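Please read the structure below before turning to the comments.
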Amino acid sequence: MSRPRLETCVGAIRMKNPVMVASGTFGYGPEYDGVVDMGRLGAIVVKGISLEPWEGNPPPRLVEVTGGLVNAIGLQNPGVDGFVREYMPFLRQKGVPVIVNIWGRSVEEYAEVAARFDGVAGVAGLELNISCPNIKEGGIAFGTDPGAAARVISAARKATKLTLIPKLSPNVPDIALFAKIAEDAGADAVSLINSIPAMVIDIETRRPALANTTGGLTGPAVHPVAVRLVWQAAKAVKIPVIGMGGISGAREAIEFMLAGASAVAVGTANFTDPSVTAAVIDGIEEYLVRKGVGDVRDIIGAVRA
Amino acid sequence: MSRPRLETCVGAIRMKNPVMVASGTFGYGPEYDGVVDMGRLGAIVVKGISLEPWEGNPPPRLVEVTGGLVNAIGLQNPGVDGFVREYMPFLRQKGVPVIVNIWGRSVEEYAEVAARFDGVAGVAGLELNISCPNIKEGGIAFGTDPGAAARVISAARKATKLTLIPKLSPNVPDIALFAKIAEDAGADAVSLINSIPAMVIDIETRRPALANTTGGLTGPAVHPVAVRLVWQAAKAVKIPVIGMGGISGAREAIEFMLAGASAVAVGTANFTDPSVTAAVIDGIEEYLVRKGVGDVRDIIGAVRA
Amino acid sequence: MNNMRLENAKVIEHKQFRNDYRLLVLECPGVGLAAKPGQFVHLRIPGQEPFILRRPFSIFKADDRTITLLYKKIGRGTTAMESIRDGDLISLLGPLGNGFPLDRKGIFPVVVGGGYGVAAMYLLAKQFPQPGAVFIGGRKADDILCVGDFEAMKWQVHLSTEDGSAGSKGLVTELLESWFAGDGAGRNVEIFACGPDGMLKAVTRQAEKRGLKAWISLDTHMGCGVGVCLACVCKTRDEKGNEQWGRVCKEGPVFECRRIVWSDDVPTKA
Amino acid sequence: MNNMRLENAKVIEHKQFRNDYRLLVLECPGVGLAAKPGQFVHLRIPGQEPFILRRPFSIFKADDRTITLLYKKIGRGTTAMESIRDGDLISLLGPLGNGFPLDRKGIFPVVVGGGYGVAAMYLLAKQFPQPGAVFIGGRKADDILCVGDFEAMKWQVHLSTEDGSAGSKGLVTELLESWFAGDGAGRNVEIFACGPDGMLKAVTRQAEKRGLKAWISLDTHMGCGVGVCLACVCKTRDEKGNEQWGRVCKEGPVFECRRIVWSDDVPTKA
Ligand SMILES: Cc1cc2nc3c(=O)[nH]c(=O)nc-3n(C[C@H](O)[C@H](O)[C@H](O)COP(=O)(O)OP(=O)(O)OC[C@H]3O[C@@H](n4cnc5c(N)ncnc54)[C@H](O)[C@@H]3O)c2cc1C
Ligand SMILES: Cc1cc2nc3c(=O)[nH]c(=O)nc-3n(C[C@H](O)[C@H](O)[C@H](O)COP(=O)(O)OP(=O)(O)OC[C@H]3O[C@@H](n4cnc5c(N)ncnc54)[C@H](O)[C@@H]3O)c2cc1C
Ligand SMILES: Cc1cc2nc3c(=O)[nH]c(=O)nc-3n(C[C@H](O)[C@H](O)[C@H](O)COP(=O)(O)O)c2cc1C
Ligand SMILES: Cc1cc2nc3c(=O)[nH]c(=O)nc-3n(C[C@H](O)[C@H](O)[C@H](O)COP(=O)(O)O)c2cc1C
Ligand code: FES
Ligand code: FES
């Protein structure tokens, strides 16, 4: 058999394979240069960017738990201008679609950030982070309120022609509702899941392990929850779904695709093993060969449920 | 220092220590007899009971995942009469408070089950399961809709004088709201968390690993999420909170208590190690001694957040 | 009160038996003494940490000091078991399950074992006053286990493999079928079987056809192993024909074959 | 392009160094060759599975074939490391971080190491053309490491322990203080320090008081180790006094002490 086709599309973004890196776990690109062959990735999603530079939360910002970690970075970032100036030159030369994760503290801010990226060369799409649990304003407040979600997505849609991908919060009883809201508001795709709100207490000091008190759980522990959410979201909408949460090998990525994801993102596992994305891509290809499937798109949503 | 006091109260239920077993993970009592010294437990919570016997879901009903398991038992049970006849005689002689986990397919059924237990000797309290993800009617549908939750808790409250403990769903954006609804509807306490809706796909067969397609995630993987929810719920209400989700040793139990739980329940870990409850009780006592705390109630909600 | 115990058993010996099969000898006087043929232990695999479930294994051999398990490497847990070393402590819950019915007087016992299913049959065979016939099947010669154990007890031993690399070529239930037509004709047979579902279903069909009793030991994935989680259920019918779930860990693992409501999904090649 | 690599390093030797301290020698030519004093590696601990983060360790010694780590057992990960055996393969990411500034000509180097912090200092000391003075501190005699290594390089060695079981009794920074008043007076000193935060803060105060440069290597919990997760940050100030977060894994672990905005939470006993 000839090698299976791995190409996939998310909105107007053509990816050479369905495997991208998740926002906040791959910085802005250069950090893993020399260790990760970025040219092999389907896309790069950079850490969340806001209008102005943002400080984030005080440390400790991260704590390890069984099967994952809980983080409360708080979206520290250099702002639109800082990012474009410092990192876009590097990213452009990699020849890989760049998706910028963006956030704001108000509907207007989201729209403005989206507008600011519209003309920027080398930016292929925007992931609209309406699901970060670690900031007081913005983030998850938009992702768990149907009205607010609709408003912020519509506003961003009007502000940009780039492929627009709202990133949904796992913290809702009915994810299908939010996926449909995104679709109706003109999103090109949705991505999920962001981290699940969580808390760790140091019983010796009686203090929360994180300075922000709560944080978000990511890593292998969340994978079965993420697969369920991706399955429910994918059933509800026609636009592509990007699945993430707990991928540490090809198996978890394939589960997402069978559940209905058109592409997947690898997050926390980059910290454990920076070569994980290559292993996931190779593993998906091996799976397709073993199963006699010629095109990766044929497994999207192919779960027999 | 003399031995610390471990006694705690939940509604009218006096427990010799804060450690109980979680519904569905300890059967109806006799199964672990001879291996677990039931007399040491703070309370026993039995598997969910409905008005009539209930078949549950077809197998496979359970699958192991990183840091936990996903189950879709589907609340199989012998019904009120079967339970009272077959198991209450055994449970009564153990001298430990028995809390019966109950559920129904409608508000009326919940109320009727509650009423039926009202006179039953040996039953100390009812845990109202409005959060099971594994049945089509009832369960989580009541636990994620504020109006339905209020109605079903009020109806059960009118039907019984027993200590009433609604068991809340983790699958909501605002747990404080549901805790307050329970308090306002006359609940004596709330317990949380039930399992988190999840899905596992067998990539070889392309089928869901569970016959029910989705199930609920429990075990160590959910602990940081559960601690966050217990903390938010405990801040919102004055009634006691029972914390559970991923306890596998004293550390996790103490985290729940620091977060605001008056008592805790051990679930999945019983399968890994049937002697875990004794270890949790001993571990809490050791912790109190080490910290010079004379009364376990002094650590309830003592996190410095 | 159950007679099960929770014991920290010391590993006396752990060695390869053949290919993917290994023998694990554990010091656990409590479990060993209480064990009945067809019962199992629920074993916590050391160093398996992100995974939390125990694994069930039949008690292959037992005496007042030890039990022996015979297991096959088939997945995550049994692969992790390879790193068990002599002297390690392993948490064991058992003996569990009902086991085979004993004191079946006047019958000619026919034992059918497929793959590691044979491990459940040695203790059973040993307690019969007279030797019977044993049918041991597997995919290939490597999967034919314990022939010597049964020969030592003077049992008639019949072997079959799917690839013909040992004994007759074909399924063990086909071999059994032809035995009934020859040597086995006219005997007051009761069947005792353990192996894959397909084999057990075929045994059930033969037993029904010939009006024989057959005691079959089921293999399902388990949670608790003691009857509380309701994960291991299979569909059973009682004497009146009413269907209900049977817990393989508690009402089983051994059922008279007519109690089992076989799903159409279970393939029988025979 | 970074010069870091991801290597599967073979364990050449793993042995106890003293009490809770162990030495781990790894074959990793790529990392070894590239390593600069003060850099670290991010190591994936084998058999730690439910836990997923790597752990950072200073490169204690390095040559064109191997690196050596000197580590202390203090928690879950370093305890799990005890089971590392010769011949095991360990995934290593490194060398990481900025390392100490080199080519500091004409200075008299003063090295201050607390506990395992000394491990970060050996390669640094080795590259100075002339020996300097080293101050090694710890809670008790067992925590005083690498005295022989520095003596072999002809460095002046000063020891202190909090309990007085080796060297002078007290904090290493107190010892340093009195050295400045005596032997150390009038020298063109630069300080290089690694140890607990309290010690580094005290060193900072001394350096400020005397108008000396002090290069301190910070110890924080890390996620990625390469600068992407922003977990390891500490508050820094630039030349103009503007505060921002510095990534210990990337802008650090070594900072000139004036760059660090010490929190009031860090206790200094000296
Ligand atoms: C009463 C009893 C006695 C037994 N006695 C023996 C014995 O003596 N010797 C012996 O070798 N074995 C025996 N077994 C079988 C043994 O328990 C299994 O081989 C073992 O549990 C496999 O564990 P694993 O982690 O290696 O495999 P796993 O990785 O758990 O799985 C092996 C296979 O099962 C599938 N699987 C996993 N989870 C599920 C699920 N929830 N539902 C359906 N399929 C699933 C996997 O996909 C895989 O194909 C016995 C089983 C029972 C119930
Ligand atoms: C650049 C660098 C170089 C180092 N070099 C060396 C070296 O050469 N030798 C050496 O022995 N060590 C060195 N360390 C320290 C070493 O990395 C730690 O000792 C190790 O990571 C501890 O891992 P552990 O799993 O054993 O401990 P853990 O169990 O992770 O924790 C140990 C302690 O830290 C606390 N802790 C855990 N998580 C957090 C958190 N998120 N925030 C705050 N506190 C937390 C725990 O409560 C516990 O008290 C270095 C560290 C850095 C940053
Ligand atoms: C340290 C860290 C930082 C993150 N930062 C962001 C962020 O800036 N924006 C965002 O949308 N998601 C962020 N995430 C969430 C991830 O993109 C991803 O949704 C989540 O980690 C689940 O995937 P995983 O389990 O593979 O890590 C972050 C996650 C981690 C662990
Ligand atoms: C096999 C199984 C069956 C369960 N059955 C019930 C049930 O009948 N009613 C209920 O309210 N919760 C049920 N639960 C949920 C537990 O009571 C508990 O809320 C959950 O498992 C979280 O705790 P843990 O992580 O310690 O297991 C069940 C959980 C498991 C694993
Ligand atoms: S395995 Fe739990 S009931 Fe059988
Ligand atoms: S550890 Fe990730 S940025 Fe430093």
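Within each chain, counting starts at residue 1; across the structure tokens, chains are named A, B, ... in the order shown, with ligands numbered 1 upward in that order.
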
Exercise answer, 6 Å around ligand 4 with only C-alpha atoms and all ligand atoms, as a list of chain:residue names = B:Ala22, B:Ser23, B:Gly24, B:Thr25, B:Lys47, B:Gly48, B:Asn71, B:Leu75, B:Asn101, B:Asn129, B:Ile193, B:Asn194, B:Ser195, B:Thr218, B:Gly219, B:Met244, B:Gly245, B:Gly246, B:Ile247, B:Val266, B:Gly267, B:Thr268, B:Ala269, C:Cys229

Take the residues that were just selected and, keeping N, CA and C atoms, output them as a PDB file, in the first residue's frame.
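Resulting contents of out23.pdb:
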ATOM      1  N   ALA B  22     -17.963   5.371  49.562  1.00  0.00           N
ATOM      2  CA  ALA B  22     -18.812   6.043  48.582  1.00  0.00           C
ATOM      3  C   ALA B  22     -19.781   5.049  47.929  1.00  0.00           C
ATOM      4  N   SER B  23     -20.944   5.571  47.602  1.00  0.00           N
ATOM      5  CA  SER B  23     -21.990   4.746  46.995  1.00  0.00           C
ATOM      6  C   SER B  23     -21.487   4.038  45.731  1.00  0.00           C
ATOM      7  N   GLY B  24     -21.824   2.758  45.634  1.00  0.00           N
ATOM      8  CA  GLY B  24     -21.505   2.002  44.430  1.00  0.00           C
ATOM      9  C   GLY B  24     -20.145   1.343  44.459  1.00  0.00           C
ATOM     10  N   THR B  25     -19.390   1.635  45.509  1.00  0.00           N
ATOM     11  CA  THR B  25     -18.057   1.052  45.592  1.00  0.00           C
ATOM     12  C   THR B  25     -17.922   0.133  46.805  1.00  0.00           C
ATOM     13  N   LYS B  47     -24.999   1.349  47.549  1.00  0.00           N
ATOM     14  CA  LYS B  47     -25.241   1.551  46.112  1.00  0.00           C
ATOM     15  C   LYS B  47     -26.648   2.100  45.866  1.00  0.00           C
ATOM     16  N   GLY B  48     -26.784   2.936  44.812  1.00  0.00           N
ATOM     17  CA  GLY B  48     -28.044   3.616  44.518  1.00  0.00           C
ATOM     18  C   GLY B  48     -29.270   2.714  44.418  1.00  0.00           C
ATOM     19  N   ASN B  71     -16.790   4.142  34.474  1.00  0.00           N
ATOM     20  CA  ASN B  71     -17.823   3.122  34.641  1.00  0.00           C
ATOM     21  C   ASN B  71     -19.168   3.595  34.128  1.00  0.00           C
ATOM     22  N   LEU B  75     -26.704   1.982  37.535  1.00  0.00           N
ATOM     23  CA  LEU B  75     -27.548   1.957  38.739  1.00  0.00           C
ATOM     24  C   LEU B  75     -28.344   0.673  38.931  1.00  0.00           C
ATOM     25  N   ASN B 101     -28.163   5.640  49.231  1.00  0.00           N
ATOM     26  CA  ASN B 101     -28.116   6.473  48.028  1.00  0.00           C
ATOM     27  C   ASN B 101     -29.358   6.140  47.213  1.00  0.00           C
ATOM     28  N   ASN B 129     -29.132  11.003  44.775  1.00  0.00           N
ATOM     29  CA  ASN B 129     -28.237  10.985  43.618  1.00  0.00           C
ATOM     30  C   ASN B 129     -28.875  11.725  42.445  1.00  0.00           C
ATOM     31  N   ILE B 193     -17.751  14.744  44.775  1.00  0.00           N
ATOM     32  CA  ILE B 193     -18.363  14.753  43.471  1.00  0.00           C
ATOM     33  C   ILE B 193     -18.799  13.343  43.074  1.00  0.00           C
ATOM     34  N   ASN B 194     -19.784  13.301  42.203  1.00  0.00           N
ATOM     35  CA  ASN B 194     -20.058  12.067  41.494  1.00  0.00           C
ATOM     36  C   ASN B 194     -19.058  11.992  40.346  1.00  0.00           C
ATOM     37  N   SER B 195     -19.098  10.933  39.592  1.00  0.00           N
ATOM     38  CA  SER B 195     -18.138  10.747  38.498  1.00  0.00           C
ATOM     39  C   SER B 195     -18.319  11.809  37.419  1.00  0.00           C
ATOM     40  N   THR B 218     -13.729   8.256  37.585  1.00  0.00           N
ATOM     41  CA  THR B 218     -13.489   8.338  39.032  1.00  0.00           C
ATOM     42  C   THR B 218     -12.046   7.926  39.308  1.00  0.00           C
ATOM     43  N   GLY B 219     -11.629   8.084  40.547  1.00  0.00           N
ATOM     44  CA  GLY B 219     -10.281   7.677  40.936  1.00  0.00           C
ATOM     45  C   GLY B 219      -9.334   8.869  41.017  1.00  0.00           C
ATOM     46  N   MET B 244     -15.633  13.892  48.136  1.00  0.00           N
ATOM     47  CA  MET B 244     -15.127  12.618  47.607  1.00  0.00           C
ATOM     48  C   MET B 244     -14.651  12.810  46.181  1.00  0.00           C
ATOM     49  N   GLY B 245     -13.922  11.827  45.716  1.00  0.00           N
ATOM     50  CA  GLY B 245     -13.348  11.871  44.372  1.00  0.00           C
ATOM     51  C   GLY B 245     -11.847  11.689  44.463  1.00  0.00           C
ATOM     52  N   GLY B 246     -11.381  10.467  44.189  1.00  0.00           N
ATOM     53  CA  GLY B 246      -9.955  10.225  44.090  1.00  0.00           C
ATOM     54  C   GLY B 246      -9.199  10.069  45.382  1.00  0.00           C
ATOM     55  N   ILE B 247      -9.904   9.847  46.483  1.00  0.00           N
ATOM     56  CA  ILE B 247      -9.151   9.604  47.725  1.00  0.00           C
ATOM     57  C   ILE B 247      -8.486   8.238  47.653  1.00  0.00           C
ATOM     58  N   VAL B 266     -14.636   7.417  50.442  1.00  0.00           N
ATOM     59  CA  VAL B 266     -13.631   6.730  49.629  1.00  0.00           C
ATOM     60  C   VAL B 266     -14.364   5.796  48.670  1.00  0.00           C
ATOM     61  N   GLY B 267     -14.101   5.944  47.390  1.00  0.00           N
ATOM     62  CA  GLY B 267     -14.799   5.147  46.384  1.00  0.00           C
ATOM     63  C   GLY B 267     -13.899   4.136  45.702  1.00  0.00           C
ATOM     64  N   THR B 268     -13.487   4.489  44.505  1.00  0.00           N
ATOM     65  CA  THR B 268     -12.708   3.612  43.636  1.00  0.00           C
ATOM     66  C   THR B 268     -11.529   2.942  44.340  1.00  0.00           C
ATOM     67  N   ALA B 269     -10.913   3.658  45.267  1.00  0.00           N
ATOM     68  CA  ALA B 269      -9.721   3.109  45.922  1.00  0.00           C
ATOM     69  C   ALA B 269     -10.016   1.824  46.680  1.00  0.00           C
TER      70      ALA B 269
ATOM     71  N   CYS C 229     -19.030  -3.900  42.682  1.00  0.00           N
ATOM     72  CA  CYS C 229     -19.049  -2.866  41.647  1.00  0.00           C
ATOM     73  C   CYS C 229     -19.990  -3.189  40.486  1.00  0.00           C
TER      74      CYS C 229
END

Could you list, with a cut-off of 6 Å and counting only C-alpha atoms and all ligand atoms, the residues of chain B near ligand 1, each shown with its nearest atom pair and the distance in Å rounded to one decimal, rows sorted by chain and ascending number, as a Markdown table?
| residue | atom | partner | partner_atom_place_in_ligand_line | distance |
| --- | --- | --- | --- | --- |
| B:Pro60 | CA | ligand 1 | 42 (N) | 5.1 |
| B:Leu62 | CA | ligand 1 | 41 (N) | 5.1 |
| B:Val63 | CA | ligand 1 | 41 (N) | 4.1 |

What residues in chain D have any atom no more than 6 Å from chain A when counting only C-alpha atoms, and can you write them as a ChimeraX atom specification?
-> /D:1-2,5,50-53,224,228-229,231

In region 124-218 of chain B, DSSP strand (DSSP E or B) residues written as a ChimeraX atom specification | /B:124-129,163-167,190-192,196-199,201-202,207-208,214-218

Preceding selection exported with N, CA and C atoms as an mmCIF file, in the first residue's frame:
data_model
loop_
_atom_site.group_PDB
_atom_site.id
_atom_site.type_symbol
_atom_site.label_atom_id
_atom_site.label_comp_id
_atom_site.auth_asym_id
_atom_site.auth_seq_id
_atom_site.Cartn_x
_atom_site.Cartn_y
_atom_site.Cartn_z
ATOM 1 N N ALA B 124 -29.912 5.912 58.480
ATOM 2 C CA ALA B 124 -29.600 7.181 59.138
ATOM 3 C C ALA B 124 -29.802 8.367 58.210
ATOM 4 N N GLY B 125 -29.634 8.150 56.918
ATOM 5 C CA GLY B 125 -29.746 9.286 56.026
ATOM 6 C C GLY B 125 -29.917 8.827 54.592
ATOM 7 N N LEU B 126 -30.279 9.787 53.753
ATOM 8 C CA LEU B 126 -30.455 9.504 52.329
ATOM 9 C C LEU B 126 -29.553 10.419 51.521
ATOM 10 N N GLU B 127 -28.805 9.811 50.634
ATOM 11 C CA GLU B 127 -28.015 10.596 49.685
ATOM 12 C C GLU B 127 -28.801 10.610 48.382
ATOM 13 N N LEU B 128 -29.169 11.811 47.949
ATOM 14 C CA LEU B 128 -30.046 11.955 46.794
ATOM 15 C C LEU B 128 -29.165 12.066 45.553
ATOM 16 N N ASN B 129 -29.132 11.003 44.775
ATOM 17 C CA ASN B 129 -28.237 10.985 43.618
ATOM 18 C C ASN B 129 -28.875 11.725 42.445
ATOM 19 N N THR B 163 -31.845 12.562 57.531
ATOM 20 C CA THR B 163 -30.803 13.478 57.042
ATOM 21 C C THR B 163 -30.720 13.334 55.523
ATOM 22 N N LEU B 164 -30.880 14.469 54.852
ATOM 23 C CA LEU B 164 -30.993 14.443 53.389
ATOM 24 C C LEU B 164 -29.769 15.101 52.749
ATOM 25 N N ILE B 165 -29.107 14.352 51.886
ATOM 26 C CA ILE B 165 -27.823 14.796 51.333
ATOM 27 C C ILE B 165 -27.845 14.719 49.805
ATOM 28 N N PRO B 166 -28.237 15.792 49.125
ATOM 29 C CA PRO B 166 -28.148 15.753 47.663
ATOM 30 C C PRO B 166 -26.692 15.579 47.219
ATOM 31 N N LYS B 167 -26.497 14.705 46.241
ATOM 32 C CA LYS B 167 -25.153 14.472 45.715
ATOM 33 C C LYS B 167 -25.041 15.236 44.404
ATOM 34 N N VAL B 190 -24.568 18.500 51.596
ATOM 35 C CA VAL B 190 -24.420 18.088 50.194
ATOM 36 C C VAL B 190 -23.186 17.199 50.100
ATOM 37 N N SER B 191 -23.187 16.305 49.124
ATOM 38 C CA SER B 191 -21.986 15.503 48.890
ATOM 39 C C SER B 191 -21.546 15.722 47.448
ATOM 40 N N LEU B 192 -20.256 15.613 47.226
ATOM 41 C CA LEU B 192 -19.710 15.741 45.890
ATOM 42 C C LEU B 192 -18.248 15.279 45.937
ATOM 43 N N ILE B 196 -17.248 12.081 36.674
ATOM 44 C CA ILE B 196 -17.262 13.093 35.611
ATOM 45 C C ILE B 196 -17.514 12.390 34.280
ATOM 46 N N PRO B 197 -18.530 12.831 33.528
ATOM 47 C CA PRO B 197 -18.854 12.168 32.266
ATOM 48 C C PRO B 197 -17.619 12.026 31.366
ATOM 49 N N ALA B 198 -17.434 10.840 30.821
ATOM 50 C CA ALA B 198 -16.208 10.527 30.086
ATOM 51 C C ALA B 198 -16.483 9.451 29.049
ATOM 52 N N MET B 199 -15.506 9.244 28.193
ATOM 53 C CA MET B 199 -15.676 8.262 27.114
ATOM 54 C C MET B 199 -14.321 7.670 26.754
ATOM 55 N N ILE B 201 -12.584 5.085 23.774
ATOM 56 C CA ILE B 201 -12.815 4.393 22.503
ATOM 57 C C ILE B 201 -11.712 3.368 22.287
ATOM 58 N N ASP B 202 -12.100 2.156 21.975
ATOM 59 C CA ASP B 202 -11.133 1.123 21.622
ATOM 60 C C ASP B 202 -10.737 1.346 20.171
ATOM 61 N N ARG B 207 -14.973 0.838 18.551
ATOM 62 C CA ARG B 207 -16.186 0.932 19.360
ATOM 63 C C ARG B 207 -15.875 1.602 20.700
ATOM 64 N N PRO B 208 -16.894 2.219 21.297
ATOM 65 C CA PRO B 208 -16.711 2.692 22.667
ATOM 66 C C PRO B 208 -16.339 1.505 23.557
ATOM 67 N N THR B 214 -20.869 6.260 26.845
ATOM 68 C CA THR B 214 -20.153 7.107 27.797
ATOM 69 C C THR B 214 -20.289 6.542 29.209
ATOM 70 N N GLY B 215 -19.450 7.026 30.090
ATOM 71 C CA GLY B 215 -19.487 6.584 31.480
ATOM 72 C C GLY B 215 -19.006 7.715 32.363
ATOM 73 N N GLY B 216 -18.587 7.379 33.577
ATOM 74 C CA GLY B 216 -18.137 8.417 34.497
ATOM 75 C C GLY B 216 -16.737 8.116 34.995
ATOM 76 N N LEU B 217 -15.893 9.140 34.960
ATOM 77 C CA LEU B 217 -14.507 8.997 35.418
ATOM 78 C C LEU B 217 -14.434 9.168 36.933
ATOM 79 N N THR B 218 -13.729 8.256 37.585
ATOM 80 C CA THR B 218 -13.489 8.338 39.032
ATOM 81 C C THR B 218 -12.046 7.926 39.308
#

At most 8 Å from ligand 2 (only C-alpha atoms and all ligand atoms): residue list as a ChimeraX atom specification | /A:59-64,202,209-210 /D:21,38-41,54-60,69-80,97,116-120,217-222,248-249,252-253

Counting only C-alpha atoms, the residue among A:Ala253, A:Val80, A:Val100, A:Met15 that lies closest to chain B is A:Ala253

If we count only C-alpha atoms, what is near region 147-155 of chain A at a cut-off of 7 Å, once residues fewer than 3 positions away on the same chain are taken out, given as a PyMOL selection string?
-> chain A and resi 107+110-111+142-143+158-159+181-182+185-186
